[in-house]
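Novice: The following file, final.cif, comprises mmCIF, C-alpha atoms:
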```cif
data_run
loop_
_atom_site.label_atom_id
_atom_site.label_comp_id
_atom_site.auth_asym_id
_atom_site.auth_seq_id
_atom_site.Cartn_x
_atom_site.Cartn_y
_atom_site.Cartn_z
CA MET A 1 17.60 15.11 -10.00
CA SER A 2 18.29 15.37 -13.70
CA GLU A 3 14.78 16.31 -14.71
CA ARG A 4 11.63 17.59 -12.99
CA ARG A 5 8.30 18.19 -14.63
CA ARG A 6 4.92 19.12 -13.17
CA SER A 7 1.53 18.07 -14.48
CA ALA A 8 11.01 -7.08 15.35
CA ALA A 9 11.38 -8.84 12.07
CA PHE A 10 7.94 -9.98 11.15
CA PRO A 11 7.69 -13.07 8.99
CA LEU A 12 4.07 -13.46 8.20
CA PRO A 13 3.28 -17.65 4.35
CA LEU A 14 2.32 -15.40 1.34
CA ALA A 15 -1.22 -16.12 0.19
CA ARG A 16 -1.07 -16.29 -3.55
CA LEU A 17 -4.18 -15.26 -5.42
CA SER A 18 -5.63 -17.02 -8.40
CA SER A 19 -4.08 -16.22 -11.78
CA THR A 20 -7.53 -15.89 -13.32
CA THR A 21 -7.74 -12.40 -14.76
CA LEU A 22 -10.46 -9.90 -14.09
CA ARG A 23 -12.20 -10.07 -17.44
CA ARG A 24 -14.68 -7.32 -16.76
CA ALA A 25 -15.44 -4.85 -14.02
CA GLY A 26 -17.40 -6.55 -11.30
CA ALA A 27 -16.35 -10.09 -12.05
CA THR A 28 -16.51 -12.30 -8.95
CA LEU A 29 -13.01 -13.38 -7.96
CA GLN A 30 -12.15 -16.31 -5.72
CA PRO A 31 -8.97 -16.12 -3.60
CA GLN A 32 -7.01 -19.28 -3.07
CA ARG A 33 -7.58 -21.16 0.16
CA PRO A 34 -4.92 -19.60 2.48
CA LEU A 35 -6.11 -16.01 2.09
CA ARG A 36 -9.78 -17.02 2.13
CA GLU A 37 -9.20 -18.90 5.39
CA ALA A 38 -7.28 -15.96 6.82
CA THR A 39 -10.19 -13.66 5.99
CA GLN A 40 -12.52 -16.01 7.83
CA VAL A 41 -10.20 -15.87 10.84
CA LEU A 42 -10.34 -12.08 10.81
CA HIS A 43 -14.12 -12.19 10.84
CA ALA A 44 -14.17 -14.75 13.64
CA ARG A 45 -11.95 -12.51 15.73
CA GLY A 46 -14.58 -9.82 15.88
CA ALA A 47 -14.75 -8.01 12.54
CA PRO A 48 -18.28 -6.60 12.18
CA SER A 49 -20.65 -8.59 10.04
CA GLY A 50 -24.02 -6.95 10.74
CA VAL A 51 -23.68 -4.53 7.83
CA GLY A 52 -22.48 -7.12 5.34
CA LEU A 53 -18.81 -6.14 5.48
CA ASP A 54 -17.77 -9.79 5.46
CA SER A 55 -19.36 -10.25 2.03
CA ALA A 56 -17.26 -10.30 -1.14
CA GLN A 57 -19.99 -8.28 -2.85
CA VAL A 58 -19.28 -5.12 -0.84
CA ARG A 59 -15.61 -5.22 -1.91
CA GLN A 60 -16.70 -6.05 -5.44
CA ARG A 61 -18.67 -2.79 -5.59
CA MET A 62 -15.62 -0.85 -4.40
CA THR A 63 -13.51 -2.57 -7.05
CA GLN A 64 -16.07 -1.73 -9.73
CA ARG A 65 -15.86 1.95 -8.78
CA LEU A 66 -12.08 1.91 -8.94
CA HIS A 67 -12.15 0.13 -12.29
CA ALA A 68 -14.50 2.83 -13.59
CA GLN A 69 -12.02 5.46 -12.34
CA GLY A 70 -9.24 3.95 -14.43
CA ILE A 71 -7.62 1.22 -12.33
CA ARG A 72 -6.98 -1.53 -14.86
CA HIS A 73 -4.26 -3.79 -13.43
CA ASP A 74 -5.82 -7.23 -12.91
CA GLY A 75 -3.63 -8.23 -9.97
CA LEU A 76 -4.31 -4.97 -8.15
CA LEU A 77 -8.05 -5.29 -8.69
CA ARG A 78 -7.93 -8.84 -7.34
CA ALA A 79 -6.05 -7.68 -4.25
CA LEU A 80 -8.50 -4.83 -3.64
CA GLN A 81 -11.44 -7.19 -3.89
CA THR A 82 -9.85 -9.79 -1.62
CA VAL A 83 -8.24 -7.86 1.26
CA PRO A 84 -10.90 -6.95 3.88
CA ARG A 85 -10.35 -3.21 4.51
CA HIS A 86 -12.84 -3.18 7.39
CA SER A 87 -10.59 -5.54 9.36
CA PHE A 88 -7.87 -2.88 9.50
CA ILE A 89 -9.87 -0.07 11.09
CA ASP A 90 -11.73 0.58 14.33
CA SER A 91 -15.06 -1.22 14.51
CA ALA A 92 -16.85 2.09 15.16
CA LEU A 93 -15.82 3.24 11.67
CA ALA A 94 -16.25 -0.08 9.89
CA ALA A 95 -19.49 0.94 8.18
CA GLN A 96 -17.42 3.48 6.18
CA ALA A 97 -14.70 1.01 5.27
CA TYR A 98 -15.60 0.70 1.58
CA GLU A 99 -16.49 4.33 0.98
CA ASP A 100 -13.88 6.40 -0.83
CA THR A 101 -12.74 8.23 2.26
CA SER A 102 -9.73 8.35 4.55
CA LEU A 103 -10.33 7.31 8.16
CA PRO A 104 -8.45 7.96 11.41
CA ILE A 105 -6.40 5.10 12.85
CA GLY A 106 -5.01 6.91 15.90
CA HIS A 107 -1.91 8.98 16.69
CA GLY A 108 -2.93 11.60 14.14
CA GLN A 109 -2.61 9.10 11.29
CA THR A 110 -5.13 7.91 8.72
CA ILE A 111 -5.84 5.04 6.37
CA SER A 112 -5.85 6.59 2.89
CA LYS A 113 -8.82 6.57 0.53
CA PRO A 114 -9.09 3.37 -1.52
CA SER A 115 -8.83 5.45 -4.69
CA VAL A 116 -5.56 7.03 -3.54
CA VAL A 117 -4.06 3.70 -2.46
CA ALA A 118 -5.09 2.13 -5.77
CA ARG A 119 -3.72 5.07 -7.77
CA MET A 120 -0.33 5.00 -6.05
CA ILE A 121 0.10 1.25 -6.38
CA SER A 122 -1.00 1.36 -10.03
CA LEU A 123 1.68 4.00 -10.69
CA LEU A 124 4.29 1.75 -9.08
CA LEU A 125 3.15 -1.12 -11.29
CA ALA A 126 3.67 1.09 -14.35
CA GLY A 127 7.35 1.62 -13.53
CA SER A 128 9.97 0.03 -15.77
CA ALA A 129 11.28 -2.42 -13.15
CA ALA A 130 7.77 -3.55 -12.24
CA ARG A 131 6.81 -4.04 -15.89
CA ALA A 132 9.98 -6.04 -16.55
CA ARG A 133 9.45 -8.22 -13.47
CA GLY A 134 5.70 -8.63 -13.83
CA GLY A 135 5.18 -7.23 -10.33
CA LEU A 136 6.51 -4.78 -7.77
CA GLY A 137 9.65 -6.77 -6.95
CA LYS A 138 11.26 -5.79 -3.66
CA VAL A 139 9.15 -3.08 -2.00
CA LEU A 140 9.89 -0.52 0.71
CA GLU A 141 6.81 1.00 2.33
CA ILE A 142 7.24 4.12 4.46
CA GLY A 143 4.47 4.29 7.04
CA THR A 144 2.81 0.95 7.75
CA GLY A 145 -0.12 2.58 9.54
CA CYS A 146 -2.86 0.01 10.11
CA GLY A 147 -1.33 -2.44 7.62
CA TYR A 148 -3.98 -2.32 4.86
CA GLN A 149 -1.74 -0.99 2.08
CA CYS A 150 0.97 -3.43 3.15
CA ALA A 151 -1.49 -6.32 2.71
CA LEU A 152 -2.26 -5.13 -0.83
CA LEU A 153 1.42 -4.70 -1.70
CA ALA A 154 2.13 -8.24 -0.49
CA GLN A 155 -0.15 -9.65 -3.21
CA LEU A 156 1.91 -7.91 -5.91
CA ALA A 157 5.50 -8.05 -4.63
CA ASP A 158 8.34 -10.50 -4.15
CA SER A 159 8.88 -9.03 -0.68
CA VAL A 160 7.77 -6.03 1.37
CA ILE A 161 9.72 -4.15 4.03
CA SER A 162 7.33 -1.79 5.82
CA VAL A 163 8.66 0.80 8.29
CA GLU A 164 6.47 2.39 10.98
CA ARG A 165 7.76 4.97 13.46
CA VAL A 166 4.86 4.77 15.98
CA ARG A 167 5.17 1.69 18.17
CA ASP A 168 1.43 1.40 18.87
CA LEU A 169 0.62 1.44 15.15
CA PHE A 170 3.42 -1.04 14.47
CA ASP A 171 1.87 -3.42 17.02
CA LYS A 172 -1.64 -2.95 15.60
CA ALA A 173 -0.46 -3.57 12.04
CA ARG A 174 1.31 -6.74 13.16
CA ALA A 175 -1.90 -7.97 14.81
CA HIS A 176 -3.98 -7.09 11.71
CA LEU A 177 -1.62 -8.83 9.31
CA ALA A 178 -0.78 -11.92 11.35
CA PRO A 179 -3.90 -13.95 10.37
CA MET A 180 -3.03 -13.46 6.68
CA ARG A 181 0.26 -15.34 7.16
CA LEU A 182 2.26 -13.28 4.67
CA ASP A 183 5.73 -14.78 4.75
CA ARG A 184 7.20 -12.18 2.41
CA VAL A 185 6.32 -9.23 4.65
CA ARG A 186 8.63 -7.81 7.29
CA LEU A 187 7.52 -4.99 9.58
CA VAL A 188 10.18 -2.69 11.03
CA HIS A 189 9.72 -0.27 13.92
CA GLY A 190 12.00 2.58 12.92
CA ASP A 191 12.47 6.01 11.37
CA GLY A 192 10.95 5.85 7.89
CA MET A 193 12.91 8.87 6.70
CA ARG A 194 15.99 6.66 6.84
CA GLY A 195 14.36 3.96 4.72
CA HIS A 196 15.80 0.52 5.47
CA ALA A 197 19.30 0.20 4.08
CA PRO A 198 19.99 -3.46 5.03
CA ASN A 199 17.58 -4.72 2.36
CA ALA A 200 18.28 -2.08 -0.31
CA PRO A 201 18.09 -1.60 -3.22
CA TYR A 202 14.32 -1.64 -3.77
CA HIS A 203 12.44 -1.89 -7.05
CA SER A 204 9.46 0.02 -5.63
CA ILE A 205 9.21 2.56 -2.80
CA ILE A 206 5.94 4.06 -1.57
CA ALA A 207 5.47 6.68 1.16
CA ALA A 208 2.27 7.42 3.07
CA ALA A 209 3.21 10.84 4.52
CA VAL A 210 4.05 14.19 2.94
CA GLY A 211 7.42 15.92 3.10
CA ASP A 212 9.04 18.83 1.29
CA GLU A 213 10.94 16.42 -0.95
CA PRO A 214 11.41 12.64 -1.15
CA ALA A 215 13.97 11.72 1.53
CA GLN A 216 17.51 11.34 0.21
CA ALA A 217 17.77 7.93 1.86
CA TRP A 218 14.85 6.69 -0.25
CA LEU A 219 16.50 7.92 -3.44
CA ASP A 220 19.77 6.27 -2.46
CA GLN A 221 17.99 2.97 -1.74
CA LEU A 222 16.02 2.92 -5.01
CA ALA A 223 17.33 0.45 -7.58
CA VAL A 224 18.24 1.56 -11.09
CA GLY A 225 15.03 1.14 -13.07
CA GLY A 226 13.00 1.40 -9.85
CA ARG A 227 10.16 3.81 -9.07
CA LEU A 228 9.35 5.84 -5.98
CA ILE A 229 5.90 7.29 -5.20
CA ALA A 230 5.56 9.94 -2.48
CA PRO A 231 3.41 12.99 -1.71
CA VAL A 232 5.37 16.27 -1.63
CA ARG A 233 4.55 19.82 -0.63
CA SER A 234 4.20 22.43 -3.35
CA GLY A 235 3.46 25.79 -1.75
CA GLN A 236 0.20 25.34 0.16
CA ALA A 237 -0.71 22.24 -1.84
CA GLN A 238 0.43 18.63 -1.89
CA LEU A 239 1.23 16.79 -5.10
CA LEU A 240 1.91 13.16 -5.87
CA ALA A 241 5.52 12.81 -7.04
CA VAL A 242 6.73 9.93 -9.20
CA VAL A 243 10.51 9.43 -9.27
CA ASP A 244 12.24 6.97 -11.60
CA ARG A 245 15.90 6.11 -11.09
CA GLU A 246 17.73 5.90 -14.38
CA LEU A 247 21.28 4.80 -15.09
CA HIS A 248 22.63 8.35 -14.85
CA GLY A 249 20.23 10.09 -12.52
CA TYR A 250 16.59 10.56 -11.55
CA LYS A 251 13.52 11.63 -13.46
CA ARG A 252 10.62 13.18 -11.56
CA LEU A 253 7.04 13.93 -12.51
CA ASP A 254 4.61 15.72 -10.17
CA LEU A 255 0.99 14.68 -10.68
CA GLU A 256 -2.37 15.40 -9.07
CA ALA A 257 -3.15 17.04 -5.75
CA VAL A 258 -3.41 14.76 -2.72
CA HIS A 259 -3.75 15.12 1.03
CA PHE A 260 -1.53 13.22 3.48
CA VAL A 261 -0.40 13.57 7.09
CA PRO A 262 3.05 15.14 7.64
CA LEU A 263 6.19 13.05 7.38
CA LYS A 264 8.08 12.96 10.70
CA SER A 265 11.50 11.72 11.73
CA GLY A 266 12.44 9.67 14.75
CA VAL A 267 10.42 6.97 16.51
CA ASP A 268 7.69 7.00 19.15
#
```
Just give me the structure of the file as structure tokens.

Specialist:
Amino acid sequence: MSERRRSAAFPLPLARLSSTTLRRAGATLQPQRPLREATQVLHARGAPSGVGLDSAQVRQRMTQRLHAQGIRHDGLLRALQTVPRHSFIDSALAAQAYEDTSLPIGHGQTISKPSVVARMISLLLAGSAARARGGLGKVLEIGTGCGYQCALLAQLADSVISVERVRDLFDKARAHLAPMRLDRVRLVHGDGMRGHAPNAPYHSIIAAAVGDEPAQAWLDQLAVGGRLIAPVRSGQAQLLAVVDRELHGYKRLDLEAVHFVPLKSGVD
């Protein structure tokens, strides 16, 4: 890199959200009919409702907290308020769905804290390609997990390719996402360290597991002007790395400490 500083195809009809902007923290936002109906389907299929998790107000409070922490992108805030996080986790943990905590999803993997997911996506949205396009463009997600982050990305992208190495998680994510009918999402069961070359280059790449460095395949598959977000090891710590591909190389900035599960190669 030229500079480093610290500091199974799965077609699922994209539910477009309203273009009404979030004018103030806590504003009530109404999704358009397809995603609202999909959310109702998720609830009907057994998502817990006894603790009020099916209410827009509980997601509104989460969105207010994230807005107060510095998340300002209107489209991202709308997606966070609309996508039902509790529908992507085990029902035994659903009461914690809107707390700012990571939760286990099986196979030693976790769903990241809402604040971390929001921070990483907001950094992608601040990249030059995303700013020029008015959205994330073509996205590569490394580590589908339970599918929650993928559902958020789908509200902000032209298309999303999401790669998951664990077959059981791949199947669960497919089941979680299917009711949302996101036709611009494709799930791939494969080795995320290899990225997904057939659909490269990507305007935005986001990884949900920590390695020593961003995988070379990801860098190769990043479009000029594109941005990559990935946790990396730094001694005993983990930092959030932001990599921008420029015309003649890469520019990297390491940001705050984070905590992610290890990046692994191969498939299970």

Novice: With all atoms listed in the file as the counted atoms, please give the residues lying no more than 8 Å from region 140-147 of chain A, apart from itself and same-chain residues fewer than 2 positions off, as a PyMOL selection string.

Specialist: chain A and resi 88-89+105+109-111+138+149-151+160-165+169-170+172-174+176-177+187+192-193+195-196+202+204-209

Novice: Any chance you could resolve the PyMOL selection byres ((chain A and resi 86) around 9) against this file and give the residues as number ranges by chain?

Specialist: A: 47-48, 53-54, 83-85, 87-91, 93-98

Novice: I'd like the interatomic distance between CA of Gly75 (chain A) and CA of Gly135 (chain A), to a tenth of an Å.

Specialist: 8.9 Å

Novice: List, as JSON, numbers by chain, every residue that the PyMOL selection byres ((chain A and resi 262) around 8) selects in the file provided.

Specialist: {"A": [209, 210, 211, 260, 261, 263, 264]}

Novice: Separation of CA of Gln155 (chain A) and CA of Glu99 (chain A), in Å?

Specialist: 21.9 Å

Novice: Take the PyMOL selection byres ((chain A and resi 212) around 8), apply it to the structure above, and return the hits as an MDAnalysis selection string.

Specialist: chainID A and resid 210:211 213:214 232:234

Novice: With all atoms listed in the file as the counted atoms, please give the residues lying no more than 12 Å from Leu123 (chain A), apart from itself and same-chain residues fewer than 5 positions off, as a PyMOL selection string.

Specialist: chain A and resi 70-73+76+116-118+128-131+135-136+204-206+226-230+240-244+253+255

Novice: With a distance cut-off of 10 Å and all atoms listed in the file, select the neighbouring residues of Asp220 (chain A), excluding the residue or stretch itself and same-chain residues fewer than 4 positions from it, and output the selection as a list in words.

Specialist: Gly195, Ala197, Ala200, Pro201, Tyr202, Ala215, Gln216, Val224 and Arg245 of chain A

Novice: May I ask for the distance between CA of Leu247 (chain A) and CA of Val139 (chain A), given in Å to one decimal place?

Specialist: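 Atom-to-atom, CA of Leu247 (chain A) to CA of Val139 (chain A), that is 19.5 Å.
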
Novice: Restricting the calculation to only C-alpha atoms, which member of A:Ser265, A:Asn199, A:Gln81, A:Gln221 is positioned closest to Met62 (chain A)?

Specialist: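 Closest to Met62 (chain A) of all the choices is A:Gln81.
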
Novice: Which is closer to Arg119 (chain A) than all the others in A:Leu182, A:Leu219, A:Val258, A:Val166, using all atoms listed in the file?

Specialist: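 Smallest separation from Arg119 (chain A) among the options: A:Val258.
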
Novice: Go through A:His67, A:Leu153, A:Arg61, A:Asp168 one by one, measure the shortest atom-to-atom distance of each to Val185 (chain A) using only C-alpha atoms, and give the residue with the smallest value.

Specialist: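 Looking at the shortest contact to Val185 (chain A), the residue is A:Leu153.
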